[in-house]
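K.L.:
my_file.tsv (TSV, N, CA and C atoms) pasted underneath:
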```
chain	number	residue	atom	x	y	z
J	1	ALA	N	-11.46	-8.06	14.15
J	1	ALA	CA	-10.09	-7.77	13.77
J	1	ALA	C	-9.96	-7.88	12.27
J	2	MET	N	-9.19	-7.01	11.65
J	2	MET	CA	-9.03	-7.03	10.21
J	2	MET	C	-7.57	-6.92	9.82
J	3	PRO	N	-6.80	-7.99	10.01
J	3	PRO	CA	-5.41	-7.93	9.56
J	3	PRO	C	-5.38	-7.79	8.04
J	4	SER	N	-4.44	-7.02	7.55
J	4	SER	CA	-4.40	-6.81	6.12
J	4	SER	C	-2.97	-6.76	5.61
J	5	THR	N	-2.87	-6.86	4.31
J	5	THR	CA	-1.60	-6.68	3.64
J	5	THR	C	-1.82	-5.60	2.59
J	6	GLU	N	-0.84	-5.40	1.74
J	6	GLU	CA	-0.96	-4.40	0.69
J	6	GLU	C	-2.04	-4.77	-0.33
J	7	ASN	N	-2.26	-6.08	-0.55
J	7	ASN	CA	-3.17	-6.50	-1.61
J	7	ASN	C	-4.54	-6.98	-1.16
J	8	TYR	N	-4.74	-7.24	0.12
J	8	TYR	CA	-6.05	-7.70	0.55
J	8	TYR	C	-6.26	-7.41	2.03
J	9	CYS	N	-7.52	-7.56	2.43
J	9	CYS	CA	-7.90	-7.33	3.82
J	9	CYS	C	-8.78	-8.51	4.26
J	10	ASN	N	-8.53	-9.03	5.46
J	10	ASN	CA	-9.31	-10.14	5.99
J	10	ASN	C	-10.28	-9.65	7.05
J	11	LEU	N	-11.49	-10.11	6.98
J	11	LEU	CA	-12.48	-9.86	8.02
J	11	LEU	C	-12.52	-11.13	8.87
J	12	CYS	N	-12.13	-11.00	10.14
J	12	CYS	CA	-12.02	-12.16	11.04
J	12	CYS	C	-12.98	-12.02	12.21
J	13	THR	N	-13.32	-13.14	12.83
J	13	THR	CA	-14.15	-13.10	14.02
J	13	THR	C	-13.32	-12.57	15.18
J	14	SER	N	-13.99	-11.99	16.17
J	14	SER	CA	-13.26	-11.44	17.30
J	14	SER	C	-12.91	-12.50	18.35
J	15	VAL	N	-13.66	-13.59	18.38
J	15	VAL	CA	-13.43	-14.64	19.38
J	15	VAL	C	-12.34	-15.60	18.92
J	16	LEU	N	-12.50	-16.14	17.73
J	16	LEU	CA	-11.52	-17.07	17.15
J	16	LEU	C	-10.90	-16.43	15.92
J	17	PRO	N	-9.65	-16.71	15.63
J	17	PRO	CA	-9.02	-16.11	14.44
J	17	PRO	C	-9.47	-16.80	13.15
J	18	ILE	N	-10.76	-16.73	12.86
J	18	ILE	CA	-11.31	-17.35	11.65
J	18	ILE	C	-11.49	-16.27	10.60
J	19	ASN	N	-10.95	-16.51	9.42
J	19	ASN	CA	-11.07	-15.59	8.29
J	19	ASN	C	-12.45	-15.77	7.67
J	20	VAL	N	-13.34	-14.82	7.93
J	20	VAL	CA	-14.72	-14.91	7.44
J	20	VAL	C	-14.79	-14.53	5.97
J	21	LEU	N	-14.21	-13.40	5.61
J	21	LEU	CA	-14.17	-12.96	4.21
J	21	LEU	C	-12.85	-12.24	3.95
J	22	SER	N	-12.35	-12.38	2.74
J	22	SER	CA	-11.15	-11.65	2.31
J	22	SER	C	-11.54	-10.76	1.14
J	23	PHE	N	-11.01	-9.54	1.15
J	23	PHE	CA	-11.34	-8.57	0.12
J	23	PHE	C	-10.07	-8.09	-0.56
J	24	GLY	N	-10.18	-7.83	-1.86
J	24	GLY	CA	-9.08	-7.25	-2.63
J	24	GLY	C	-9.09	-5.74	-2.51
J	25	LYS	N	-8.24	-5.09	-3.30
J	25	LYS	CA	-8.15	-3.62	-3.28
J	25	LYS	C	-9.43	-3.01	-3.84
J	26	PRO	N	-9.93	-1.95	-3.19
J	26	PRO	CA	-11.11	-1.25	-3.70
J	26	PRO	C	-10.85	-0.64	-5.08
J	27	ILE	N	-11.90	-0.62	-5.89
J	27	ILE	CA	-11.83	-0.07	-7.24
J	27	ILE	C	-12.91	1.00	-7.35
J	28	ILE	N	-12.53	2.21	-7.75
J	28	ILE	CA	-13.51	3.28	-7.96
J	28	ILE	C	-14.01	3.18	-9.39
J	29	LYS	N	-15.33	3.10	-9.53
J	29	LYS	CA	-15.96	2.93	-10.85
J	29	LYS	C	-16.78	4.16	-11.21
J	30	GLN	N	-16.94	4.38	-12.49
J	30	GLN	CA	-17.85	5.41	-12.97
J	30	GLN	C	-19.22	4.77	-13.15
J	31	LYS	N	-20.24	5.40	-12.61
J	31	LYS	CA	-21.59	4.89	-12.74
J	31	LYS	C	-22.51	6.07	-12.98
J	32	SER	N	-23.38	5.96	-13.98
J	32	SER	CA	-24.24	7.10	-14.31
J	32	SER	C	-25.14	7.45	-13.12
J	33	ASN	N	-25.38	8.73	-12.95
J	33	ASN	CA	-26.23	9.28	-11.89
J	33	ASN	C	-25.68	9.07	-10.49
J	34	ALA	N	-24.45	8.63	-10.33
J	34	ALA	CA	-23.88	8.39	-9.01
J	34	ALA	C	-22.81	9.42	-8.69
J	35	ILE	N	-22.72	9.79	-7.40
J	35	ILE	CA	-21.64	10.66	-6.93
J	35	ILE	C	-20.34	9.86	-6.95
J	36	CYS	N	-20.43	8.63	-6.43
J	36	CYS	CA	-19.26	7.78	-6.31
J	36	CYS	C	-19.71	6.33	-6.27
J	37	CYS	N	-18.91	5.44	-6.83
J	37	CYS	CA	-19.18	4.02	-6.79
J	37	CYS	C	-17.86	3.30	-6.51
J	38	VAL	N	-17.85	2.50	-5.43
J	38	VAL	CA	-16.65	1.77	-5.05
J	38	VAL	C	-16.99	0.28	-5.00
J	39	GLU	N	-16.17	-0.52	-5.66
J	39	GLU	CA	-16.33	-1.97	-5.62
J	39	GLU	C	-15.14	-2.58	-4.90
J	40	ILE	N	-15.43	-3.49	-3.96
J	40	ILE	CA	-14.38	-4.18	-3.21
J	40	ILE	C	-14.50	-5.66	-3.54
J	41	PRO	N	-13.56	-6.21	-4.32
J	41	PRO	CA	-13.65	-7.61	-4.74
J	41	PRO	C	-13.60	-8.58	-3.56
J	42	ILE	N	-14.43	-9.62	-3.62
J	42	ILE	CA	-14.39	-10.71	-2.64
J	42	ILE	C	-13.44	-11.76	-3.20
J	43	VAL	N	-12.37	-12.06	-2.43
J	43	VAL	CA	-11.33	-12.96	-2.95
J	43	VAL	C	-11.17	-14.25	-2.15
J	44	GLY	N	-11.95	-14.42	-1.07
J	44	GLY	CA	-11.84	-15.66	-0.30
J	44	GLY	C	-12.50	-15.55	1.05
J	45	GLY	N	-12.23	-16.54	1.89
J	45	GLY	CA	-12.76	-16.58	3.24
J	45	GLY	C	-13.76	-17.70	3.43
J	46	LEU	N	-14.09	-17.96	4.67
J	46	LEU	CA	-14.99	-19.04	5.04
J	46	LEU	C	-16.38	-18.90	4.42
J	47	LEU	N	-16.88	-17.67	4.29
J	47	LEU	CA	-18.24	-17.46	3.80
J	47	LEU	C	-18.34	-17.34	2.28
J	48	ALA	N	-17.21	-17.40	1.58
J	48	ALA	CA	-17.23	-17.25	0.13
J	48	ALA	C	-16.80	-18.54	-0.54
J	49	LYS	N	-17.58	-18.95	-1.51
J	49	LYS	CA	-17.20	-20.09	-2.34
J	49	LYS	C	-16.50	-19.52	-3.57
J	50	VAL	N	-15.17	-19.57	-3.57
J	50	VAL	CA	-14.37	-18.91	-4.61
J	50	VAL	C	-13.93	-19.94	-5.64
J	51	ASN	N	-14.13	-19.58	-6.90
J	51	ASN	CA	-13.67	-20.41	-8.01
J	51	ASN	C	-12.41	-19.76	-8.58
J	52	PRO	N	-11.24	-20.38	-8.39
J	52	PRO	CA	-9.99	-19.76	-8.86
J	52	PRO	C	-9.90	-19.65	-10.38
J	53	ARG	N	-10.78	-20.34	-11.11
J	53	ARG	CA	-10.73	-20.30	-12.58
J	53	ARG	C	-11.47	-19.11	-13.17
J	54	VAL	N	-12.20	-18.35	-12.33
J	54	VAL	CA	-12.91	-17.19	-12.85
J	54	VAL	C	-12.36	-15.92	-12.21
J	55	ALA	N	-12.41	-14.83	-12.94
J	55	ALA	CA	-11.87	-13.56	-12.44
J	55	ALA	C	-12.84	-12.87	-11.49
J	56	ASP	N	-14.15	-13.09	-11.67
J	56	ASP	CA	-15.15	-12.40	-10.86
J	56	ASP	C	-15.80	-13.36	-9.88
J	57	ASN	N	-15.43	-13.24	-8.60
J	57	ASN	CA	-16.08	-14.02	-7.55
J	57	ASN	C	-16.99	-13.13	-6.71
J	58	GLY	N	-17.36	-12.00	-7.28
J	58	GLY	CA	-18.27	-11.08	-6.63
J	58	GLY	C	-17.54	-9.94	-5.95
J	59	CYS	N	-18.32	-8.97	-5.50
J	59	CYS	CA	-17.76	-7.81	-4.82
J	59	CYS	C	-18.82	-7.16	-3.96
J	60	LEU	N	-18.36	-6.35	-3.02
J	60	LEU	CA	-19.26	-5.45	-2.31
J	60	LEU	C	-19.25	-4.16	-3.10
J	61	ARG	N	-20.42	-3.65	-3.41
J	61	ARG	CA	-20.50	-2.40	-4.18
J	61	ARG	C	-21.20	-1.35	-3.31
J	62	PHE	N	-20.56	-0.19	-3.18
J	62	PHE	CA	-21.10	0.94	-2.44
J	62	PHE	C	-21.30	2.06	-3.44
J	63	THR	N	-22.54	2.52	-3.59
J	63	THR	CA	-22.84	3.58	-4.55
J	63	THR	C	-23.59	4.70	-3.84
J	64	TRP	N	-23.09	5.93	-4.00
J	64	TRP	CA	-23.72	7.09	-3.42
J	64	TRP	C	-24.42	7.87	-4.53
J	65	TYR	N	-25.69	8.19	-4.28
J	65	TYR	CA	-26.50	8.99	-5.21
J	65	TYR	C	-26.92	10.26	-4.50
J	66	GLN	N	-27.06	11.35	-5.27
J	66	GLN	CA	-27.55	12.59	-4.69
J	66	GLN	C	-28.70	13.11	-5.54
J	67	GLU	N	-29.79	13.41	-4.86
J	67	GLU	CA	-30.93	14.05	-5.51
J	67	GLU	C	-31.25	15.28	-4.68
J	68	LYS	N	-30.99	16.44	-5.25
J	68	LYS	CA	-31.09	17.72	-4.54
J	68	LYS	C	-30.21	17.67	-3.30
J	69	LYS	N	-30.76	17.78	-2.08
J	69	LYS	CA	-29.93	17.77	-0.87
J	69	LYS	C	-29.91	16.41	-0.19
J	70	ASN	N	-30.52	15.41	-0.79
J	70	ASN	CA	-30.56	14.07	-0.20
J	70	ASN	C	-29.47	13.19	-0.78
J	71	ILE	N	-28.72	12.53	0.10
J	71	ILE	CA	-27.70	11.57	-0.32
J	71	ILE	C	-28.17	10.19	0.09
J	72	THR	N	-28.12	9.25	-0.85
J	72	THR	CA	-28.53	7.88	-0.60
J	72	THR	C	-27.34	6.95	-0.83
J	73	LEU	N	-27.11	6.06	0.12
J	73	LEU	CA	-26.06	5.05	-0.02
J	73	LEU	C	-26.73	3.71	-0.31
J	74	VAL	N	-26.32	3.08	-1.40
J	74	VAL	CA	-26.83	1.76	-1.75
J	74	VAL	C	-25.68	0.78	-1.69
J	75	THR	N	-25.82	-0.28	-0.89
J	75	THR	CA	-24.80	-1.33	-0.86
J	75	THR	C	-25.41	-2.58	-1.44
J	76	GLU	N	-24.57	-3.34	-2.11
J	76	GLU	CA	-25.05	-4.59	-2.70
J	76	GLU	C	-23.89	-5.56	-2.87
J	77	ILE	N	-24.24	-6.82	-2.91
J	77	ILE	CA	-23.27	-7.84	-3.29
J	77	ILE	C	-23.51	-8.06	-4.78
J	78	ALA	N	-22.51	-7.77	-5.57
J	78	ALA	CA	-22.65	-7.81	-7.02
J	78	ALA	C	-21.73	-8.87	-7.62
J	79	GLY	N	-21.93	-9.15	-8.89
J	79	GLY	CA	-21.07	-10.09	-9.59
J	79	GLY	C	-21.43	-11.53	-9.30
J	80	ASN	N	-20.45	-12.39	-9.36
J	80	ASN	CA	-20.66	-13.84	-9.26
J	80	ASN	C	-20.42	-14.39	-7.86
J	81	TYR	N	-20.72	-13.62	-6.82
J	81	TYR	CA	-20.53	-14.10	-5.45
J	81	TYR	C	-21.45	-15.28	-5.18
J	82	GLN	N	-20.86	-16.34	-4.61
J	82	GLN	CA	-21.63	-17.49	-4.19
J	82	GLN	C	-21.32	-17.75	-2.72
J	83	PRO	N	-22.30	-17.52	-1.83
J	83	PRO	CA	-22.05	-17.73	-0.41
J	83	PRO	C	-21.84	-19.21	-0.10
J	84	ALA	N	-20.83	-19.49	0.71
J	84	ALA	CA	-20.54	-20.88	1.08
J	84	ALA	C	-21.69	-21.48	1.90
J	85	LEU	N	-22.43	-20.64	2.64
J	85	LEU	CA	-23.55	-21.14	3.44
J	85	LEU	C	-24.65	-21.71	2.56
J	86	ALA	N	-24.75	-21.25	1.33
J	86	ALA	CA	-25.78	-21.77	0.43
J	86	ALA	C	-25.41	-23.12	-0.13
J	87	GLY	N	-24.15	-23.50	-0.02
J	87	GLY	CA	-23.71	-24.79	-0.54
J	87	GLY	C	-23.52	-24.75	-2.05
J	88	GLY	N	-23.27	-25.91	-2.62
J	88	GLY	CA	-23.02	-26.00	-4.05
J	88	GLY	C	-24.26	-26.20	-4.88
J	89	MET	N	-25.39	-26.39	-4.22
J	89	MET	CA	-26.63	-26.65	-4.97
J	89	MET	C	-27.27	-25.35	-5.42
J	90	ILE	N	-27.53	-25.25	-6.71
J	90	ILE	CA	-28.24	-24.11	-7.27
J	90	ILE	C	-29.46	-24.68	-7.98
J	91	PRO	N	-30.66	-24.27	-7.68
J	91	PRO	CA	-31.02	-23.27	-6.70
J	91	PRO	C	-30.82	-23.77	-5.27
J	92	VAL	N	-30.75	-22.83	-4.35
J	92	VAL	CA	-30.55	-23.15	-2.93
J	92	VAL	C	-31.80	-23.89	-2.43
J	93	PRO	N	-31.61	-25.00	-1.72
J	93	PRO	CA	-32.76	-25.76	-1.21
J	93	PRO	C	-33.65	-24.93	-0.29
J	94	TYR	N	-34.93	-25.24	-0.29
J	94	TYR	CA	-35.93	-24.50	0.49
J	94	TYR	C	-35.57	-24.46	1.97
J	95	TRP	N	-35.11	-25.57	2.54
J	95	TRP	CA	-34.82	-25.62	3.97
J	95	TRP	C	-33.67	-24.68	4.35
J	96	ARG	N	-32.71	-24.50	3.44
J	96	ARG	CA	-31.61	-23.57	3.72
J	96	ARG	C	-32.09	-22.13	3.67
J	97	LYS	N	-32.98	-21.81	2.73
J	97	LYS	CA	-33.56	-20.47	2.67
J	97	LYS	C	-34.31	-20.16	3.95
J	98	MET	N	-35.09	-21.11	4.42
J	98	MET	CA	-35.88	-20.91	5.64
J	98	MET	C	-34.97	-20.78	6.86
J	99	LEU	N	-33.91	-21.57	6.92
J	99	LEU	CA	-32.97	-21.49	8.04
J	99	LEU	C	-32.33	-20.10	8.08
J	100	TYR	N	-31.91	-19.61	6.92
J	100	TYR	CA	-31.32	-18.28	6.85
J	100	TYR	C	-32.34	-17.21	7.26
J	101	SER	N	-33.54	-17.30	6.70
J	101	SER	CA	-34.57	-16.30	6.97
J	101	SER	C	-34.95	-16.24	8.44
J	102	SER	N	-34.92	-17.37	9.12
J	102	SER	CA	-35.35	-17.38	10.51
J	102	SER	C	-34.21	-17.15	11.50
J	103	THR	N	-32.96	-17.08	11.04
J	103	THR	CA	-31.85	-16.90	11.97
J	103	THR	C	-31.00	-15.68	11.60
J	104	GLN	N	-30.33	-15.72	10.49
J	104	GLN	CA	-29.32	-14.72	10.16
J	104	GLN	C	-29.87	-13.48	9.47
J	105	ARG	N	-30.98	-13.58	8.78
J	105	ARG	CA	-31.48	-12.46	7.98
J	105	ARG	C	-31.74	-11.22	8.83
J	106	LEU	N	-32.41	-11.37	9.96
J	106	LEU	CA	-32.74	-10.21	10.79
J	106	LEU	C	-31.49	-9.57	11.37
J	107	LEU	N	-30.54	-10.37	11.80
J	107	LEU	CA	-29.28	-9.84	12.30
J	107	LEU	C	-28.53	-9.11	11.19
J	108	HIS	N	-28.50	-9.69	10.00
J	108	HIS	CA	-27.83	-9.07	8.86
J	108	HIS	C	-28.48	-7.74	8.53
J	109	GLU	N	-29.81	-7.67	8.53
J	109	GLU	CA	-30.49	-6.42	8.24
J	109	GLU	C	-30.14	-5.35	9.28
J	110	TYR	N	-30.10	-5.72	10.54
J	110	TYR	CA	-29.77	-4.77	11.60
J	110	TYR	C	-28.33	-4.26	11.45
J	111	VAL	N	-27.41	-5.17	11.24
J	111	VAL	CA	-25.99	-4.78	11.08
J	111	VAL	C	-25.83	-3.85	9.89
J	112	MET	N	-26.47	-4.14	8.77
J	112	MET	CA	-26.35	-3.29	7.59
J	112	MET	C	-27.01	-1.93	7.80
J	113	TRP	N	-28.13	-1.88	8.53
J	113	TRP	CA	-28.79	-0.63	8.84
J	113	TRP	C	-27.85	0.27	9.65
J	114	ARG	N	-27.21	-0.30	10.67
J	114	ARG	CA	-26.26	0.46	11.49
J	114	ARG	C	-25.05	0.89	10.66
J	115	TYR	N	-24.54	-0.02	9.83
J	115	TYR	CA	-23.37	0.28	9.00
J	115	TYR	C	-23.68	1.42	8.03
J	116	HIS	N	-24.84	1.36	7.37
J	116	HIS	CA	-25.22	2.42	6.43
J	116	HIS	C	-25.28	3.76	7.12
J	117	GLY	N	-25.86	3.78	8.32
J	117	GLY	CA	-25.92	5.03	9.06
J	117	GLY	C	-24.55	5.59	9.38
J	118	SER	N	-23.64	4.72	9.78
J	118	SER	CA	-22.27	5.14	10.12
J	118	SER	C	-21.54	5.67	8.89
J	119	VAL	N	-21.62	4.96	7.79
J	119	VAL	CA	-20.94	5.38	6.57
J	119	VAL	C	-21.53	6.69	6.05
J	120	LEU	N	-22.85	6.80	6.09
J	120	LEU	CA	-23.49	8.00	5.58
J	120	LEU	C	-23.12	9.23	6.41
J	121	LYS	N	-23.06	9.08	7.74
J	121	LYS	CA	-22.65	10.20	8.60
J	121	LYS	C	-21.22	10.66	8.26
J	122	GLY	N	-20.31	9.69	8.10
J	122	GLY	CA	-18.94	10.03	7.75
J	122	GLY	C	-18.84	10.70	6.39
J	123	PHE	N	-19.62	10.20	5.43
J	123	PHE	CA	-19.60	10.77	4.08
J	123	PHE	C	-20.15	12.20	4.09
J	124	GLU	N	-21.27	12.40	4.79
J	124	GLU	CA	-21.85	13.73	4.87
J	124	GLU	C	-20.91	14.71	5.58
J	125	LYS	N	-20.27	14.24	6.66
J	125	LYS	CA	-19.34	15.09	7.39
J	125	LYS	C	-18.19	15.53	6.50
J	126	GLN	N	-17.65	14.59	5.72
J	126	GLN	CA	-16.55	14.93	4.83
J	126	GLN	C	-17.01	15.87	3.72
J	127	CYS	N	-18.21	15.64	3.19
J	127	CYS	CA	-18.72	16.50	2.12
J	127	CYS	C	-18.92	17.93	2.62
J	128	PHE	N	-19.53	18.07	3.82
J	128	PHE	CA	-19.82	19.40	4.34
J	128	PHE	C	-18.56	20.10	4.82
J	129	ASN	N	-17.56	19.35	5.27
J	129	ASN	CA	-16.30	19.97	5.70
J	129	ASN	C	-15.47	20.46	4.52
J	130	ASN	N	-15.68	19.82	3.35
J	130	ASN	CA	-14.89	20.19	2.16
J	130	ASN	C	-15.59	21.25	1.30
J	131	SER	N	-16.83	21.65	1.66
J	131	SER	CA	-17.53	22.64	0.83
J	131	SER	C	-17.23	24.05	1.23
```
Can you turn what I pasted into structure tokens?
P.N.:
Amino acid sequence: AMPSTENYCNLCTSVLPINVLSFGKPIIKQKSNAICCVEIPIVGGLLAKVNPRVADNGCLRFTWYQEKKNITLVTEIAGNYQPALAGGMIPVPYWRKMLYSSTQRLLHEYVMWRYHGSVLKGFEKQCFNNS
């Protein structure tokens, strides 16, 4: 479920009403060699360690590149995002890295692979319908 307001959108779990991440309004950026670049600011939520004294708490960045007839979508977490799961210790302790790698990493990779495919299909459909 993603309840939202005019200024932000919450990503919540489907079982319990827990706010996992909150995002601000998307910003379209100019980026060299890119068709389009969209940044969605991370502004809060259970998984984000947000510092209210800084303007940049990170963002999700979606960048589309085209080389001849191939379109590539690159997603990244950019800026000063600090995951709450990593805790306040920098660098992240070895045991936490291993816990993440052996549990959540594979699921995260699968979810992002599926998401990229879905977004790319929609983008290609819109591009080909508008040509």
K.L.:
Looking at J:Pro17, J:Tyr8, J:Thr63, J:Asn57, which one is nearest to Lys29 (chain J), with distances taken over only C-alpha atoms?
P.N.:
J:Thr63
K.L.:
Excluding region 72-81 of chain J and residues on its chain fewer than 5 positions from it, collect all residues at most 10 Å away from it, counting only C-alpha atoms, and give them as a VMD selection string.
P.N.:
chain J and resid 34 to 43 48 to 51 54 to 67 112 116 to 117 119 to 120 123
K.L.:
How many Å lie between atom C of Asn7 (chain J) and atom C of Gly45 (chain J), rounded to one decimal?
P.N.:
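Atom C of Asn7 (chain J) sits 14.9 Å away from atom C of Gly45 (chain J).
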K.L.:
Taking every listed atom of region 47-54 of chain J and adding 8 Å to each side, what centre and edge lengths in Å (one decimal) does the axis-aligned box have, as JSON?
P.N.:
```
{"center_x": -14.1, "center_y": -18.2, "center_z": -4.4, "size_x": 24.4, "size_y": 20.5, "size_z": 33.5}
```
K.L.:
Provide the atom C of Asn19 (chain J) to CA of Leu46 (chain J) distance in Å, to one decimal place.
P.N.:
4.9 Å
K.L.:
Just the number, please: distance in Å from CA of Ser22 (chain J) to CA of Trp113 (chain J), one decimal.
P.N.:
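It comes out at 21.8 Å.
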K.L.:
If you run DSSP on the backbone here, which positions in chain J get strand (DSSP E)? Please write them as a ChimeraX atom specification.
P.N.:
/J:9-12,19-23,27-29,36-44,59-67,70-78
K.L.:
As a PyMOL selection string, please: every residue in chain J that DSSP puts in alpha helix (DSSP H).
P.N.:
chain J and resi 94-130
K.L.:
Save region 25-33 of chain J from what I just supplied, as a PDB file, in the first residue's frame, atoms limited to all heavy atoms.
P.N.:
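In the end it all went to decode25.pdb:
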```pdb
ATOM      1  N   LYS J  25       8.788  14.523  -3.724  1.00  0.00           N
ATOM      2  CA  LYS J  25       8.375  14.675  -5.124  1.00  0.00           C
ATOM      3  C   LYS J  25       9.535  14.345  -6.055  1.00  0.00           C
ATOM      4  O   LYS J  25      10.668  14.766  -5.821  1.00  0.00           O
ATOM      5  CB  LYS J  25       7.931  16.112  -5.387  1.00  0.00           C
ATOM      6  CG  LYS J  25       6.593  16.457  -4.806  1.00  0.00           C
ATOM      7  CD  LYS J  25       6.188  17.860  -5.231  1.00  0.00           C
ATOM      8  CE  LYS J  25       4.781  18.165  -4.771  1.00  0.00           C
ATOM      9  NZ  LYS J  25       4.344  19.472  -5.246  1.00  0.00           N
ATOM     10  N   PRO J  26       9.250  13.604  -7.139  1.00  0.00           N
ATOM     11  CA  PRO J  26      10.294  13.304  -8.129  1.00  0.00           C
ATOM     12  C   PRO J  26      10.830  14.572  -8.786  1.00  0.00           C
ATOM     13  O   PRO J  26      10.100  15.547  -8.982  1.00  0.00           O
ATOM     14  CB  PRO J  26       9.570  12.434  -9.162  1.00  0.00           C
ATOM     15  CG  PRO J  26       8.356  11.927  -8.461  1.00  0.00           C
ATOM     16  CD  PRO J  26       7.982  12.978  -7.458  1.00  0.00           C
ATOM     17  N   ILE J  27      12.114  14.534  -9.108  1.00  0.00           N
ATOM     18  CA  ILE J  27      12.788  15.662  -9.752  1.00  0.00           C
ATOM     19  C   ILE J  27      13.413  15.146 -11.045  1.00  0.00           C
ATOM     20  O   ILE J  27      14.157  14.161 -11.024  1.00  0.00           O
ATOM     21  CB  ILE J  27      13.893  16.232  -8.844  1.00  0.00           C
ATOM     22  CG1 ILE J  27      13.309  16.665  -7.500  1.00  0.00           C
ATOM     23  CG2 ILE J  27      14.634  17.372  -9.526  1.00  0.00           C
ATOM     24  CD1 ILE J  27      14.347  16.874  -6.415  1.00  0.00           C
ATOM     25  N   ILE J  28      13.105  15.785 -12.164  1.00  0.00           N
ATOM     26  CA  ILE J  28      13.718  15.406 -13.441  1.00  0.00           C
ATOM     27  C   ILE J  28      15.018  16.187 -13.583  1.00  0.00           C
ATOM     28  O   ILE J  28      15.035  17.409 -13.459  1.00  0.00           O
ATOM     29  CB  ILE J  28      12.765  15.684 -14.618  1.00  0.00           C
ATOM     30  CG1 ILE J  28      11.510  14.821 -14.461  1.00  0.00           C
ATOM     31  CG2 ILE J  28      13.462  15.426 -15.952  1.00  0.00           C
ATOM     32  CD1 ILE J  28      10.434  15.089 -15.477  1.00  0.00           C
ATOM     33  N   LYS J  29      16.108  15.449 -13.814  1.00  0.00           N
ATOM     34  CA  LYS J  29      17.441  16.051 -13.904  1.00  0.00           C
ATOM     35  C   LYS J  29      17.992  15.902 -15.316  1.00  0.00           C
ATOM     36  O   LYS J  29      17.641  14.973 -16.034  1.00  0.00           O
ATOM     37  CB  LYS J  29      18.409  15.344 -12.944  1.00  0.00           C
ATOM     38  CG  LYS J  29      18.045  15.439 -11.491  1.00  0.00           C
ATOM     39  CD  LYS J  29      18.701  16.628 -10.901  1.00  0.00           C
ATOM     40  CE  LYS J  29      18.468  16.687  -9.407  1.00  0.00           C
ATOM     41  NZ  LYS J  29      19.372  17.550  -8.742  1.00  0.00           N
ATOM     42  N   GLN J  30      18.872  16.802 -15.678  1.00  0.00           N
ATOM     43  CA  GLN J  30      19.613  16.680 -16.929  1.00  0.00           C
ATOM     44  C   GLN J  30      20.894  15.900 -16.628  1.00  0.00           C
ATOM     45  O   GLN J  30      21.581  16.196 -15.660  1.00  0.00           O
ATOM     46  CB  GLN J  30      19.982  18.064 -17.473  1.00  0.00           C
ATOM     47  CG  GLN J  30      18.806  18.911 -17.874  1.00  0.00           C
ATOM     48  CD  GLN J  30      18.057  18.329 -19.059  1.00  0.00           C
ATOM     49  OE1 GLN J  30      18.645  17.761 -19.955  1.00  0.00           O
ATOM     50  NE2 GLN J  30      16.735  18.455 -19.040  1.00  0.00           N
ATOM     51  N   LYS J  31      21.158  14.889 -17.419  1.00  0.00           N
ATOM     52  CA  LYS J  31      22.362  14.093 -17.237  1.00  0.00           C
ATOM     53  C   LYS J  31      22.920  13.784 -18.613  1.00  0.00           C
ATOM     54  O   LYS J  31      22.182  13.366 -19.499  1.00  0.00           O
ATOM     55  CB  LYS J  31      22.028  12.814 -16.463  1.00  0.00           C
ATOM     56  CG  LYS J  31      23.208  12.114 -15.896  1.00  0.00           C
ATOM     57  CD  LYS J  31      22.774  11.008 -14.953  1.00  0.00           C
ATOM     58  CE  LYS J  31      23.996  10.353 -14.361  1.00  0.00           C
ATOM     59  NZ  LYS J  31      23.662   9.225 -13.530  1.00  0.00           N
ATOM     60  N   SER J  32      24.225  13.997 -18.791  1.00  0.00           N
ATOM     61  CA  SER J  32      24.806  13.784 -20.116  1.00  0.00           C
ATOM     62  C   SER J  32      24.646  12.326 -20.549  1.00  0.00           C
ATOM     63  O   SER J  32      24.695  11.415 -19.731  1.00  0.00           O
ATOM     64  CB  SER J  32      26.290  14.176 -20.104  1.00  0.00           C
ATOM     65  OG  SER J  32      27.003  13.352 -19.214  1.00  0.00           O
ATOM     66  N   ASN J  33      24.419  12.142 -21.825  1.00  0.00           N
ATOM     67  CA  ASN J  33      24.261  10.824 -22.456  1.00  0.00           C
ATOM     68  C   ASN J  33      23.015  10.076 -22.007  1.00  0.00           C
ATOM     69  O   ASN J  33      22.894   8.896 -22.273  1.00  0.00           O
ATOM     70  CB  ASN J  33      25.491   9.944 -22.217  1.00  0.00           C
ATOM     71  CG  ASN J  33      26.755  10.591 -22.730  1.00  0.00           C
ATOM     72  OD1 ASN J  33      26.735  11.326 -23.712  1.00  0.00           O
ATOM     73  ND2 ASN J  33      27.858  10.330 -22.056  1.00  0.00           N
TER      74      ASN J  33
END
```
